[in-house]
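Visitor: One file is attached below, work35.txt, containing compact mmCIF, C-alpha atoms and all ligand atoms.
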```txt
# COMPACT_ATOMS: atom_id res chain seq x y z
CA MET A 29 -9.10 -7.73 25.70
CA GLY A 30 -5.43 -8.58 25.31
CA LYS A 31 -2.78 -7.31 27.64
CA ARG A 32 -1.86 -3.67 27.48
CA ILE A 33 1.05 -2.82 25.26
CA GLU A 34 3.66 -0.55 26.75
CA ARG A 35 3.94 2.95 25.31
CA THR A 36 7.62 3.22 24.78
CA ARG A 37 7.68 6.16 22.39
CA ALA A 38 6.96 9.88 22.33
CA SER A 39 6.85 10.60 26.05
CA GLY A 40 4.81 7.53 26.79
CA THR A 41 2.08 8.33 24.26
CA LEU A 42 2.85 5.81 21.52
CA THR A 43 3.40 2.07 21.38
CA GLU A 44 6.09 0.74 19.04
CA ALA A 45 3.39 -0.17 16.52
CA MET A 46 1.81 3.29 16.67
CA PHE A 47 5.21 4.91 16.30
CA TRP A 48 6.08 2.93 13.20
CA ALA A 49 2.62 3.48 11.74
CA LYS A 50 3.23 7.21 12.02
CA ILE A 51 6.62 6.99 10.35
CA ARG A 52 5.14 4.84 7.62
CA ALA A 53 2.30 7.29 7.01
CA ALA A 54 4.71 10.22 6.92
CA LEU A 55 6.93 8.51 4.35
CA ARG A 56 3.94 7.47 2.27
CA ASN A 57 2.76 11.04 2.36
CA ALA A 58 6.17 12.31 1.33
CA SER A 59 6.15 10.02 -1.69
CA ARG A 60 3.35 12.12 -3.16
CA TRP A 61 5.87 14.67 -4.40
CA TRP A 62 8.15 11.92 -5.74
CA LYS A 63 8.67 12.89 -9.37
CA PRO A 64 8.79 9.40 -10.95
CA ILE A 65 5.22 8.79 -9.78
CA SER A 66 3.83 11.77 -11.66
CA VAL A 67 6.06 11.08 -14.66
CA VAL A 68 4.76 7.52 -14.94
CA ARG A 69 1.19 8.81 -14.76
CA ILE A 70 1.81 11.38 -17.49
CA LYS A 71 3.52 8.85 -19.74
CA ALA A 72 0.53 6.51 -19.48
CA ARG A 73 -2.04 9.08 -20.57
CA ARG A 74 -3.51 10.40 -23.78
CA LYS A 75 -6.09 13.03 -24.65
CA TYR A 76 -9.61 11.92 -23.93
CA VAL A 77 -12.10 12.49 -26.73
CA GLY A 78 -15.25 10.93 -25.29
CA SER A 79 -18.50 12.53 -24.23
CA ASN A 80 -17.53 13.54 -20.68
CA ARG A 81 -16.66 17.22 -21.03
CA ARG A 82 -14.89 17.39 -17.73
CA GLN A 83 -12.46 14.57 -18.51
CA LYS A 84 -9.27 15.76 -20.13
CA TYR A 85 -7.13 12.63 -20.23
CA GLU A 86 -7.42 8.90 -20.01
CA TYR A 87 -4.80 6.51 -18.69
CA ARG A 88 -3.74 3.10 -19.87
CA CYS A 89 -3.53 0.24 -17.41
CA ASN A 90 -0.21 -1.52 -17.84
CA LYS A 91 -1.81 -4.91 -17.32
CA CYS A 92 -5.21 -5.10 -19.03
CA LYS A 93 -4.24 -2.31 -21.49
CA ASN A 94 -7.67 -0.68 -21.19
CA TRP A 95 -8.14 3.08 -20.77
CA PHE A 96 -9.49 4.70 -17.61
CA SER A 97 -10.11 8.11 -16.08
CA ASP A 98 -7.62 9.43 -13.55
CA LYS A 99 -9.89 8.42 -10.70
CA LYS A 100 -9.80 4.79 -11.76
CA ILE A 101 -6.06 4.29 -11.91
CA SER A 102 -3.24 4.20 -9.41
CA VAL A 103 0.52 4.19 -9.72
CA ASP A 104 1.66 0.83 -8.45
CA HIS A 105 5.04 -0.17 -7.05
CA ILE A 106 5.96 -3.21 -9.10
CA VAL A 107 7.99 -4.55 -6.19
CA PRO A 108 5.68 -4.15 -3.20
CA VAL A 109 6.90 -1.53 -0.75
CA GLY A 110 6.14 -3.91 2.11
CA SER A 111 5.77 -3.36 5.80
CA LEU A 112 7.53 -0.97 8.15
CA ASN A 113 7.37 -2.35 11.65
CA CYS A 114 10.85 -1.75 12.99
CA ALA A 115 14.05 0.15 12.32
CA SER A 116 15.60 -2.65 10.28
CA ASP A 117 12.67 -2.48 7.80
CA LEU A 118 13.49 1.15 7.10
CA PRO A 119 16.26 1.02 4.48
CA GLY A 120 14.42 -1.43 2.22
CA PHE A 121 11.11 0.32 2.71
CA VAL A 122 12.58 3.68 1.67
CA GLU A 123 14.41 2.21 -1.32
CA ARG A 124 11.26 0.48 -2.59
CA LEU A 125 8.94 3.41 -1.91
CA PHE A 126 11.17 5.96 -3.59
CA CYS A 127 12.01 3.90 -6.63
CA GLU A 128 12.64 5.17 -10.15
CA GLU A 129 10.21 5.09 -13.08
CA SER A 130 11.21 1.55 -14.02
CA GLY A 131 9.85 0.34 -10.68
CA LEU A 132 6.43 1.89 -11.23
CA GLN A 133 3.40 1.18 -13.40
CA VAL A 134 -0.11 2.49 -13.87
CA LEU A 135 -2.78 -0.05 -13.01
CA CYS A 136 -6.55 0.23 -13.09
CA THR A 137 -7.61 0.41 -9.47
CA ASP A 138 -10.70 -1.77 -9.43
CA VAL A 139 -9.47 -4.80 -11.35
CA CYS A 140 -5.72 -5.08 -11.89
CA HIS A 141 -4.51 -3.29 -8.77
CA GLU A 142 -7.10 -5.02 -6.63
CA GLU A 143 -6.04 -8.37 -8.03
CA LYS A 144 -2.39 -7.64 -7.38
CA THR A 145 -2.92 -6.67 -3.75
CA LYS A 146 -5.11 -9.71 -3.25
CA ASN A 147 -2.34 -11.96 -4.51
CA GLU A 148 0.18 -10.25 -2.28
CA ARG A 149 -2.14 -10.65 0.67
CA ASN A 150 -2.35 -14.38 0.08
CA GLY A 151 1.42 -14.54 -0.18
CA LYS A 152 3.92 -13.44 2.39
CA HIS A 153 3.60 -9.70 2.06
CA ILE A 154 1.12 -7.53 3.88
CA ILE A 155 0.77 -4.40 1.86
CA HIS A 156 -0.12 -1.04 3.28
CA SER A 157 -1.69 0.88 0.48
CA LYS A 158 -4.97 2.53 1.29
CA LYS A 159 -5.51 3.03 5.00
CA ASN A 160 -9.11 1.83 5.08
CA ARG A 161 -8.42 -1.29 3.15
CA VAL A 162 -5.58 -2.29 5.42
CA VAL A 163 -7.76 -2.01 8.51
CA GLY A 164 -10.51 -4.13 6.99
CA ARG A 165 -8.07 -6.65 5.70
CA THR A 166 -6.08 -7.10 8.87
CA ALA A 167 -9.26 -7.51 10.88
CA THR A 168 -10.38 -10.30 8.60
CA THR A 169 -6.99 -11.90 8.57
CA ARG A 170 -6.74 -11.76 12.31
CA ARG A 171 -10.14 -13.38 12.67
CA LYS A 172 -9.08 -16.13 10.35
CA ARG A 173 -5.86 -16.67 12.22
CA ARG A 174 -7.58 -16.82 15.56
CA ASN A 175 -9.81 -19.62 14.34
CA SER A 176 -6.99 -21.55 12.76
CA PRO A 177 -4.27 -23.54 14.52
CA VAL A 178 -1.02 -21.99 15.66
CA LYS A 179 0.18 -21.80 12.06
CA ARG A 180 1.98 -18.69 10.83
CA ARG A 181 2.30 -17.03 14.16
CA ARG A 182 4.88 -14.57 12.97
CA VAL A 183 2.48 -13.10 10.46
CA SER A 184 -0.33 -12.56 12.95
CA LYS A 185 2.09 -10.95 15.34
CA ARG A 186 3.09 -8.57 12.60
CA ILE A 187 -0.51 -7.74 11.79
CA ASN A 188 -1.33 -7.01 15.42
CA LYS A 189 1.60 -4.67 15.61
CA ASN A 190 0.17 -2.68 12.75
CA ASN A 191 -2.94 -1.59 14.58
ZN ZN B 1 -6.22 -3.09 -15.64
```
Would you give me this structure, written as structure tokens?
Ligand SMILES: [Zn+2]
Guide:
Amino acid sequence: MGKRIERTRASGTLTEAMFWAKIRAALRNASRWWKPISVVRIKARRKYVGSNRRQKYEYRCNKCKNWFSDKKISVDHIVPVGSLNCASDLPGFVERLFCEESGLQVLCTDVCHEEKTKNERNGKHIIHSKKNRVVGRTATTRRKRRNSPVKRRRVSKRINKNN
């Protein structure tokens, strides 16, 4: 495989990429108690009156305006939080991640949120939302890049750093 990357962090146990992945995960985790996220969720909901006895509320997707159960929606950062690969990414990352209610919206996960992340993927941003999806996505992207000419080298470098 490729050449070994030096472990410059945490007593020689972490590469730069691993270090920043940890910081990113920790910040993402911390954003779970961020009040605006739960407020936006609550504001998008109404009492559910359908046949499912266990469902108390339903939530309105800000894009398609349909109603979904809590498992089918996610609170989306309207301005993508973006990547965190180095110290200079940190201020913007934190500002975007911990934004106020006006920077957040409820989207249905399967259609509208999926579509949004797909568009962002095709653009410049690589979004780190759900861990599993990012792994699958970067693998595919990397494969594509490898088979294509030298184009967009910076992006593939960034993706490799994220693993
Ligand atoms: Zn939707």
Visitor: Here is a test: counting only C-alpha atoms and all ligand atoms, which residue of A:Lys31, A:Arg37, A:His105, A:Lys100 is nearest to ligand ZN 1 (chain B)?
Guide: A:Lys100
Visitor: At a cut-off of 10 Å around ligand ZN 1 (chain B), and using all atoms listed in the file, what residues come up? Please write them as a CSV table (one decimal) with C-alpha atoms, in the coordinates of the input.
Guide:
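Below is the file pocket08.csv, written as the result:
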```
chain,number,residue,atom,x,y,z
A,88,ARG,CA,-3.7,3.1,-19.9
A,89,CYS,CA,-3.5,0.2,-17.4
A,90,ASN,CA,-0.2,-1.5,-17.8
A,91,LYS,CA,-1.8,-4.9,-17.3
A,92,CYS,CA,-5.2,-5.1,-19.0
A,93,LYS,CA,-4.2,-2.3,-21.5
A,94,ASN,CA,-7.7,-0.7,-21.2
A,95,TRP,CA,-8.1,3.1,-20.8
A,96,PHE,CA,-9.5,4.7,-17.6
A,100,LYS,CA,-9.8,4.8,-11.8
A,101,ILE,CA,-6.1,4.3,-11.9
A,134,VAL,CA,-0.1,2.5,-13.9
A,135,LEU,CA,-2.8,0.0,-13.0
A,136,CYS,CA,-6.6,0.2,-13.1
A,137,THR,CA,-7.6,0.4,-9.5
A,138,ASP,CA,-10.7,-1.8,-9.4
A,139,VAL,CA,-9.5,-4.8,-11.4
A,140,CYS,CA,-5.7,-5.1,-11.9
A,141,HIS,CA,-4.5,-3.3,-8.8
A,142,GLU,CA,-7.1,-5.0,-6.6
A,143,GLU,CA,-6.0,-8.4,-8.0
```
Visitor: Report, in Å with one decimal, the straight-line distance from atom CA of A:Asp104 to atom CA of A:Ser116.
Guide: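 Taking atom CA of A:Asp104 and atom CA of A:Ser116, their separation equals 23.6 Å.
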Visitor: With 5 Å added on each side, what axis-aligned box encloses every listed atom of stretch 87-106 of chain A? Give the centre and edge lengths in Å to one decimal, as AutoDock Vina command-line options.
Guide:
```
--center_x -2.1 --center_y 2.2 --center_z -14.3 --size_x 26.1 --size_y 24.5 --size_z 24.4
```
Visitor: Can you tell me which residues surround A:Gln83 at a distance of at most 10 Å, considering all atoms listed in the file, apart from same-chain residues fewer than 5 positions away, and format the answer as a PDB file with C-alpha atoms, in the coordinates of the input?
Guide:
```pdb
ATOM      1  CA  LYS A  75      -6.090  13.030 -24.650  1.00  0.00           C
ATOM      2  CA  TYR A  76      -9.610  11.920 -23.930  1.00  0.00           C
ATOM      3  CA  VAL A  77     -12.100  12.490 -26.730  1.00  0.00           C
ATOM      4  CA  GLY A  78     -15.250  10.930 -25.290  1.00  0.00           C
ATOM      5  CA  SER A  97     -10.110   8.110 -16.080  1.00  0.00           C
ATOM      6  CA  ASP A  98      -7.620   9.430 -13.550  1.00  0.00           C
TER       7      ASP A  98
END
```
Visitor: Could you check which of A:Lys50, A:Arg32, A:Lys63, A:Lys146 is closest to A:Cys127, using all atoms listed in the file?
Guide: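 Among the listed residues, the smallest separation from A:Cys127 belongs to A:Lys63.
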Visitor: My list of candidates is A:Val103, A:Arg74, A:Ser66, A:Ile33. Which is closest to A:Ala45 when distances are computed with all atoms listed in the file?
Guide: A:Ile33
Visitor: Rank nothing, just name the residue among A:Ala115, A:Val109, A:Ala58, A:Leu125 nearest to A:Thr145, using only C-alpha atoms.
Guide: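 Checking each of A:Ala115, A:Val109, A:Ala58, A:Leu125 against A:Thr145, counting only C-alpha atoms, the winner is A:Val109.
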